[in-house]
>>> print(open('entry_12.txt').read())   # compact mmCIF, C-alpha atoms
# COMPACT_ATOMS: atom_id res chain seq x y z
CA MET A 1 130.95 42.57 182.51
CA ILE A 2 129.28 45.61 180.91
CA PRO A 3 126.32 46.71 183.04
CA SER A 4 123.01 46.66 181.19
CA LEU A 5 121.05 49.88 180.80
CA PRO A 6 117.32 50.23 181.42
CA ALA A 7 115.27 50.19 178.22
CA ALA A 8 114.28 53.85 178.66
CA ALA A 9 117.92 54.89 179.00
CA VAL A 10 118.82 52.99 175.83
CA ILE A 11 116.06 54.80 173.90
CA ILE A 12 117.18 58.23 175.20
CA LEU A 13 120.80 57.49 174.29
CA ALA A 14 119.79 56.36 170.80
CA LEU A 15 117.77 59.53 170.25
CA ARG A 16 120.67 61.71 171.37
CA LEU A 17 123.06 59.91 169.04
CA ALA A 18 120.58 60.21 166.16
CA GLY A 19 120.36 63.95 166.76
CA GLN A 20 124.13 64.21 166.39
CA ILE A 21 124.12 62.49 163.00
CA GLN A 22 123.92 65.16 160.32
CA PRO A 23 123.24 64.54 156.63
CA PRO A 24 126.39 64.67 154.51
CA PRO A 25 127.20 68.16 153.19
CA LEU A 26 126.23 68.96 149.62
CA PRO A 27 129.08 68.82 147.11
CA SER A 28 130.13 72.16 145.64
CA PHE A 29 131.46 73.22 142.24
CA ASP A 30 135.24 73.59 142.05
CA ALA A 31 134.65 77.17 140.89
CA ALA A 32 131.51 79.12 140.09
CA SER A 33 130.72 82.61 138.84
CA VAL A 34 127.18 83.95 139.36
CA LYS A 35 126.25 87.33 137.86
CA VAL A 36 123.05 89.31 137.34
CA ASP A 37 122.07 89.39 133.64
CA ASP A 38 120.75 92.82 132.63
CA SER A 39 120.70 92.12 128.89
CA GLY A 40 116.92 92.22 128.63
CA SER A 41 117.06 89.27 126.24
CA SER A 42 113.99 87.06 125.98
CA SER A 43 116.01 83.89 125.35
CA SER A 44 117.98 81.75 127.76
CA HIS A 45 120.57 79.04 127.25
CA TRP A 46 121.80 76.11 129.34
CA ASP A 47 124.79 73.99 128.34
CA ASP A 48 126.10 70.97 130.25
CA HIS A 49 129.49 69.64 129.21
CA PRO A 50 131.94 67.30 130.97
CA GLY A 51 133.59 69.42 133.65
CA ARG A 52 131.62 72.59 132.87
CA MET A 53 128.14 74.12 133.16
CA THR A 54 127.24 77.36 131.38
CA VAL A 55 123.91 79.07 131.99
CA LYS A 56 122.90 82.32 130.28
CA ASN A 57 119.98 84.60 131.17
CA THR A 58 118.15 82.11 133.38
CA THR A 59 115.79 82.83 136.27
CA LEU A 60 116.15 81.66 139.83
CA ARG A 61 112.85 79.82 139.37
CA ALA A 62 114.37 77.84 136.50
CA LEU A 63 117.44 77.05 138.61
CA ILE A 64 115.25 75.78 141.45
CA GLU A 65 113.23 73.66 139.02
CA ARG A 66 116.42 72.02 137.74
CA ALA A 67 118.00 71.61 141.18
CA TYR A 68 114.98 70.03 142.87
CA ASP A 69 113.24 68.35 139.89
CA LEU A 70 110.12 70.52 140.08
CA GLN A 71 107.50 71.87 137.72
CA VAL A 72 107.01 75.62 137.67
CA ASN A 73 103.57 75.35 139.30
CA GLN A 74 105.06 73.65 142.36
CA ILE A 75 107.15 76.66 143.38
CA VAL A 76 105.62 79.24 145.74
CA GLY A 77 107.64 82.41 146.18
CA PRO A 78 108.08 86.09 145.28
CA GLY A 79 107.34 87.26 141.74
CA TRP A 80 110.95 88.25 141.01
CA LEU A 81 111.91 84.55 140.95
CA ALA A 82 110.65 84.56 137.35
CA SER A 83 111.77 88.07 136.34
CA ALA A 84 115.35 88.48 137.61
CA HIS A 85 117.94 86.80 135.35
CA TYR A 86 121.41 85.41 135.97
CA ASP A 87 124.50 84.06 134.19
CA ILE A 88 126.43 81.15 135.70
CA GLU A 89 129.79 79.62 134.79
CA ALA A 90 130.71 76.58 136.90
CA GLU A 91 133.52 74.03 136.84
CA MET A 92 133.60 70.52 138.28
CA PRO A 93 135.46 67.23 137.71
CA ALA A 94 134.82 65.87 134.22
CA ALA A 95 133.46 62.60 135.64
CA THR A 96 130.77 64.34 137.73
CA SER A 97 127.46 62.46 137.41
CA ARG A 98 124.15 64.17 136.68
CA ALA A 99 122.96 63.47 140.25
CA GLU A 100 126.11 65.04 141.70
CA ARG A 101 125.76 68.04 139.40
CA VAL A 102 122.19 68.60 140.60
CA ARG A 103 123.36 68.53 144.23
CA MET A 104 126.05 71.06 143.34
CA ILE A 105 123.36 73.40 142.00
CA GLN A 106 121.49 72.99 145.30
CA SER A 107 124.67 73.96 147.13
CA LEU A 108 125.14 76.97 144.86
CA LEU A 109 121.60 78.19 145.57
CA ALA A 110 122.15 77.89 149.31
CA GLU A 111 125.56 79.58 149.25
CA ARG A 112 125.05 82.37 146.71
CA PHE A 113 121.34 83.14 147.12
CA ARG A 114 120.91 81.98 150.75
CA LEU A 115 117.91 79.95 149.59
CA SER A 116 115.81 78.36 152.33
CA PHE A 117 112.49 76.56 151.87
CA HIS A 118 110.03 74.02 153.17
CA ARG A 119 107.66 71.58 151.46
CA GLU A 120 103.89 71.30 151.73
CA GLN A 121 101.29 69.04 150.14
CA LYS A 122 98.06 70.39 148.73
CA VAL A 123 95.29 68.98 146.53
CA LEU A 124 95.24 71.10 143.37
CA PRO A 125 93.68 71.05 139.90
CA VAL A 126 96.01 69.15 137.54
CA TYR A 127 96.07 67.69 134.07
CA LEU A 128 96.78 64.01 133.46
CA LEU A 129 98.83 63.42 130.30
CA VAL A 130 97.60 60.22 128.61
CA VAL A 131 97.79 58.53 125.21
CA THR A 132 94.64 58.83 123.07
CA LYS A 133 92.70 55.75 121.96
CA GLU A 134 94.25 56.10 118.51
CA GLY A 135 97.74 55.80 119.98
CA ALA A 136 100.79 58.05 120.17
CA LYS A 137 101.95 59.70 116.95
CA MET A 138 105.37 60.91 118.13
CA GLN A 139 108.60 59.82 116.49
CA LEU A 140 110.77 57.64 118.71
CA ALA A 141 114.22 59.19 118.91
CA THR A 142 117.32 57.20 117.96
CA PRO A 143 120.64 57.94 119.70
CA ASP A 144 122.93 60.00 117.48
CA GLY A 145 125.93 60.31 119.76
CA ARG A 146 125.39 64.01 120.51
CA GLY A 147 123.65 63.33 123.81
CA ARG A 148 121.18 66.16 123.29
CA SER A 149 117.73 66.01 124.81
CA GLY A 150 115.00 68.35 125.92
CA ILE A 151 112.34 70.73 124.68
CA SER A 152 112.70 74.18 123.19
CA GLY A 153 110.41 76.51 121.31
CA SER A 154 108.57 79.78 121.45
CA ARG A 155 105.02 81.07 121.70
CA GLY A 156 102.79 78.55 119.92
CA HIS A 157 105.68 76.23 119.13
CA MET A 158 107.23 73.25 120.96
CA VAL A 159 110.19 71.33 119.57
CA ALA A 160 111.27 68.11 121.29
CA GLU A 161 114.56 66.33 120.74
CA ASN A 162 114.91 62.94 122.44
CA ALA A 163 112.53 64.20 125.14
CA SER A 164 110.96 61.89 127.72
CA THR A 165 107.24 62.07 128.43
CA ARG A 166 108.14 63.45 131.84
CA GLU A 167 109.95 66.34 130.16
CA ILE A 168 106.95 66.81 127.87
CA ALA A 169 104.64 66.99 130.91
CA GLU A 170 106.89 69.57 132.59
CA SER A 171 106.99 71.73 129.47
CA LEU A 172 103.22 71.52 129.05
CA SER A 173 102.75 72.55 132.67
CA VAL A 174 104.23 75.96 131.90
CA ARG A 175 101.93 76.41 128.91
CA VAL A 176 98.63 75.28 130.47
CA GLY A 177 99.11 76.90 133.87
CA ARG A 178 98.77 73.90 136.15
CA PRO A 179 100.76 70.76 137.06
CA VAL A 180 100.77 68.02 134.41
CA ILE A 181 101.20 64.43 135.61
CA ASP A 182 102.63 61.95 133.12
CA GLN A 183 100.41 58.87 132.88
CA THR A 184 101.31 57.84 129.33
CA GLY A 185 103.41 54.83 130.32
CA LEU A 186 105.63 55.55 127.30
CA LYS A 187 109.36 54.88 127.58
CA GLY A 188 112.28 56.36 125.70
CA GLY A 189 112.79 59.75 124.06
CA PHE A 190 110.68 61.37 121.36
CA ASN A 191 111.07 63.96 118.62
CA PHE A 192 108.28 66.27 117.48
CA ASP A 193 107.46 69.76 116.27
CA LEU A 194 104.15 70.87 117.81
CA GLN A 195 102.33 73.89 116.36
CA PHE A 196 99.45 75.44 118.28
CA THR A 197 97.70 78.71 119.04
CA PRO A 198 98.42 80.09 122.53
CA ASP A 199 95.45 80.54 124.82
CA ASP A 200 95.07 84.22 123.94
CA GLU A 201 91.91 85.55 122.32
CA GLU A 202 93.75 88.35 120.47
CA VAL A 203 96.07 85.84 118.83
CA LYS A 204 93.18 83.55 117.90
CA ALA A 205 91.27 86.44 116.34
CA ALA A 206 94.28 87.59 114.32
CA SER A 207 93.92 84.89 111.69
CA GLU A 208 91.19 82.55 110.53
CA ASP A 209 93.91 80.06 109.64
CA ALA A 210 95.40 80.04 113.15
CA ALA A 211 96.71 76.76 114.48
CA PRO A 212 94.46 74.78 116.88
CA SER A 213 94.60 75.15 120.65
CA ILE A 214 97.32 73.25 122.46
CA PHE A 215 94.73 70.67 123.63
CA THR A 216 93.55 69.96 120.09
CA ALA A 217 97.09 70.05 118.69
CA LEU A 218 98.28 67.46 121.22
CA LYS A 219 95.55 65.04 120.12
CA GLY A 220 95.90 65.57 116.39
CA GLN A 221 99.67 65.93 116.09
CA LEU A 222 101.07 63.81 118.94
CA GLY A 223 98.29 61.42 119.94
CA LEU A 224 98.34 62.74 123.50
CA GLU A 225 95.55 64.14 125.64
CA LEU A 226 95.27 66.34 128.72
CA ILE A 227 92.51 65.30 131.13
CA ARG A 228 91.35 67.59 133.95
CA SER A 229 91.69 66.12 137.43
CA LYS A 230 92.72 66.87 141.01
CA ALA A 231 95.66 65.34 142.85
CA PRO A 232 97.96 65.95 145.83
CA VAL A 233 100.82 68.18 144.68
CA GLU A 234 103.99 68.80 146.66
CA LEU A 235 104.66 72.53 146.87
CA PHE A 236 108.16 73.96 147.25
CA VAL A 237 107.64 77.07 149.41
CA ILE A 238 110.43 79.67 149.45
CA ASP A 239 111.09 80.97 152.98
CA HIS A 240 113.96 83.24 151.94
CA SER A 241 116.17 84.02 148.98
CA ASP A 242 118.47 86.94 148.15
CA LYS A 243 117.75 88.63 144.84
CA THR A 244 121.37 89.69 144.46
CA PRO A 245 123.81 86.75 144.71
CA THR A 246 126.87 87.00 146.94
CA GLN A 247 130.21 87.96 145.44
CA ASN A 248 132.09 85.39 143.34
>>> encode(input="entry_12.txt", output="structure tokens")
Amino acid sequence: MIPSLPAAAVIILALRLAGQIQPPPLPSFDAASVKVDDSGSSSSHWDDHPGRMTVKNTTLRALIERAYDLQVNQIVGPGWLASAHYDIEAEMPAATSRAERVRMIQSLLAERFRLSFHREQKVLPVYLLVVTKEGAKMQLATPDGRGRSGISGSRGHMVAENASTREIAESLSVRVGRPVIDQTGLKGGFNFDLQFTPDDEEVKAASEDAAPSIFTALKGQLGLELIRSKAPVELFVIDHSDKTPTQN
């Protein structure tokens, strides 16, 4: 007969065993090259293909956003996160899922940049992205077999190709300077070409025929609206990161 243990002893044993259970290690790329990009270019490029990921002239901030599904305003860290640029070439099995690929980027950040962080919650000013009373005016995307999606553009210009409203909110967050929470309830991907005047008085004064502000353009061109609010926002606080990645 197996002797019974006192309840307290059972609890202590369970806690000890739980402490020994570690989360599974993050998967890594089969091979990865990480180099500092000194080109001085103002454009960046990210390509995902089966078995390969190619990133040109991206910032560590952008890598963290992609790896941890964050908006730019959620990241708290040194200024160089948005000014130092890197090129990455990575290989992985062709059947690697998007979720696995994201975890591989997390592993890369930990291994090559020695990234460490913690999370905090804070109530911050935000914008709520909603549909206007007149309804959305965006074109619903139809699959074309290319698998492309996302948002690109330049100053005063946003181009969406099969972009979700969540991606639209993330892109707007960069342009309006605070987190944008998607409350549109819209499903699927959308195409649009949004023209607006950046929030810069010199640009506005340069031409009487300047495009409307981004807030007005969203209403008139897309049927979307940004409403000021406050909400708890999870912050991703950088405890440490190397500016120069370790050798390949």
>>> residues_around(input="entry_12.txt", residues="Val176 in chain A", least_positions_apart="6", cutoff="10 Å", atoms="only C-alpha atoms", output="PyMOL selection string")
chain A and resi 126-127+198-199+214-215+226
>>> residues_around(input="entry_12.txt", residues="range 112-117 of chain A", least_positions_apart="3", cutoff="9 Å", atoms="only C-alpha atoms", output="PyMOL selection string")
chain A and resi 34+106-109+236-248
>>> axis_aligned_box(input="entry_12.txt", around="range 101-108 of chain A", padding_each_side="6 Å", output="AutoDock Vina command-line options")
--center_x 123.8 --center_y 72.5 --center_z 143.3 --size_x 16.6 --size_y 20.9 --size_z 19.7
>>> atom_distance(input="entry_12.txt", atom1="CA of Arg175 in chain A", atom2="CA of Thr58 in chain A")
17.8 Å
>>> atom_distance(input="entry_12.txt", atom1="CA of Pro232 in chain A", atom2="CA of Ile75 in chain A")
14.3 Å
>>> residues_around(input="entry_12.txt", residues="range 156-169 of chain A", least_positions_apart="3", cutoff="8 Å", atoms="only C-alpha atoms", output="count of residues only")
29
>>> atom_distance(input="entry_12.txt", atom1="CA of Val55 in chain A", atom2="CA of Val76 in chain A")
22.9 Å
>>> residues_around(input="entry_12.txt", residues="Asp38 in chain A", least_positions_apart="4", cutoff="10 Å", atoms="all atoms listed in the file", output="list of chain:residue names")
A:Asn57, A:Ala84, A:His85, A:Tyr86, A:Asp87
>>> write_last_selection(input="entry_12.txt", atoms="C-alpha atoms", output="PDB file, in the frame of the given file")
ATOM      1  CA  ASN A  57     119.980  84.600 131.170  1.00  0.00           C
ATOM      2  CA  ALA A  84     115.350  88.480 137.610  1.00  0.00           C
ATOM      3  CA  HIS A  85     117.940  86.800 135.350  1.00  0.00           C
ATOM      4  CA  TYR A  86     121.410  85.410 135.970  1.00  0.00           C
ATOM      5  CA  ASP A  87     124.500  84.060 134.190  1.00  0.00           C
TER       6      ASP A  87
END
>>> residues_near_point(input="entry_12.txt", point="(133.4, 65.5, 140.4)", cutoff="10 Å", atoms="only C-alpha atoms", output="ChimeraX atom specification")
/A:27-30,50-51,91-97,100-101,104
>>> closest_residue(input="entry_12.txt", among="A:Val72, A:Ala90, A:Ala110, A:Met138", to="Glu234 in chain A", atoms="only C-alpha atoms")
A:Val72
>>> decode(input="entry_12.txt", residues="range 20-91 of chain A", atoms="C-alpha atoms", output="tab-separated table (two decimals), in the first residue's frame")
chain	number	residue	atom	x	y	z
A	20	GLN	CA	10.60	22.30	-12.85
A	21	ILE	CA	8.28	22.46	-15.87
A	22	GLN	CA	9.71	24.93	-18.35
A	23	PRO	CA	7.90	26.30	-21.39
A	24	PRO	CA	8.98	24.62	-24.63
A	25	PRO	CA	11.95	26.33	-26.32
A	26	LEU	CA	11.23	28.67	-29.20
A	27	PRO	CA	11.83	27.20	-32.65
A	28	SER	CA	14.75	28.68	-34.58
A	29	PHE	CA	15.40	29.33	-38.26
A	30	ASP	CA	17.48	26.67	-40.01
A	31	ALA	CA	19.89	29.45	-40.99
A	32	ALA	CA	19.80	33.21	-40.51
A	33	SER	CA	22.00	36.13	-41.48
A	34	VAL	CA	21.55	39.43	-39.62
A	35	LYS	CA	23.54	42.48	-40.75
A	36	VAL	CA	23.50	46.20	-40.01
A	37	ASP	CA	22.15	48.20	-42.98
A	38	ASP	CA	24.10	51.42	-43.51
A	39	SER	CA	22.53	52.28	-46.86
A	40	GLY	CA	20.72	55.34	-45.54
A	41	SER	CA	17.69	54.38	-47.64
A	42	SER	CA	14.29	55.63	-46.52
A	43	SER	CA	12.46	52.54	-47.78
A	44	SER	CA	12.25	49.07	-46.30
A	45	HIS	CA	11.11	45.75	-47.71
A	46	TRP	CA	9.79	42.52	-46.17
A	47	ASP	CA	9.20	39.38	-48.22
A	48	ASP	CA	7.81	36.10	-46.88
A	49	HIS	CA	8.06	33.08	-49.16
A	50	PRO	CA	7.75	29.34	-48.46
A	51	GLY	CA	11.02	28.37	-46.80
A	52	ARG	CA	12.51	31.88	-46.84
A	53	MET	CA	12.19	35.31	-45.21
A	54	THR	CA	13.99	38.35	-46.61
A	55	VAL	CA	13.98	41.67	-44.76
A	56	LYS	CA	15.76	44.77	-46.06
A	57	ASN	CA	16.49	47.99	-44.15
A	58	THR	CA	14.10	47.33	-41.27
A	59	THR	CA	14.31	48.62	-37.70
A	60	LEU	CA	14.43	46.56	-34.55
A	61	ARG	CA	11.18	48.25	-33.53
A	62	ALA	CA	9.51	46.91	-36.68
A	63	LEU	CA	10.88	43.42	-35.98
A	64	ILE	CA	9.50	43.51	-32.43
A	65	GLU	CA	6.12	44.70	-33.72
A	66	ARG	CA	5.96	41.74	-36.13
A	67	ALA	CA	7.27	39.19	-33.63
A	68	TYR	CA	4.93	40.12	-30.78
A	69	ASP	CA	1.91	41.50	-32.70
A	70	LEU	CA	2.26	45.04	-31.34
A	71	GLN	CA	1.51	48.56	-32.47
A	72	VAL	CA	4.40	51.01	-32.49
A	73	ASN	CA	2.93	53.00	-29.58
A	74	GLN	CA	3.03	49.93	-27.33
A	75	ILE	CA	6.82	49.63	-27.39
A	76	VAL	CA	8.85	51.47	-24.74
A	77	GLY	CA	12.59	51.50	-25.31
A	78	PRO	CA	15.65	53.46	-26.48
A	79	GLY	CA	15.35	55.81	-29.45
A	80	TRP	CA	17.73	53.79	-31.64
A	81	LEU	CA	15.08	51.05	-31.92
A	82	ALA	CA	13.55	53.19	-34.68
A	83	SER	CA	16.76	54.57	-36.21
A	84	ALA	CA	19.17	51.62	-36.55
A	85	HIS	CA	18.42	49.42	-39.59
A	86	TYR	CA	19.10	45.78	-40.40
A	87	ASP	CA	19.00	43.23	-43.23
A	88	ILE	CA	17.89	39.66	-42.52
A	89	GLU	CA	18.01	36.52	-44.65
A	90	ALA	CA	16.45	33.46	-42.97
A	91	GLU	CA	15.67	29.92	-44.07
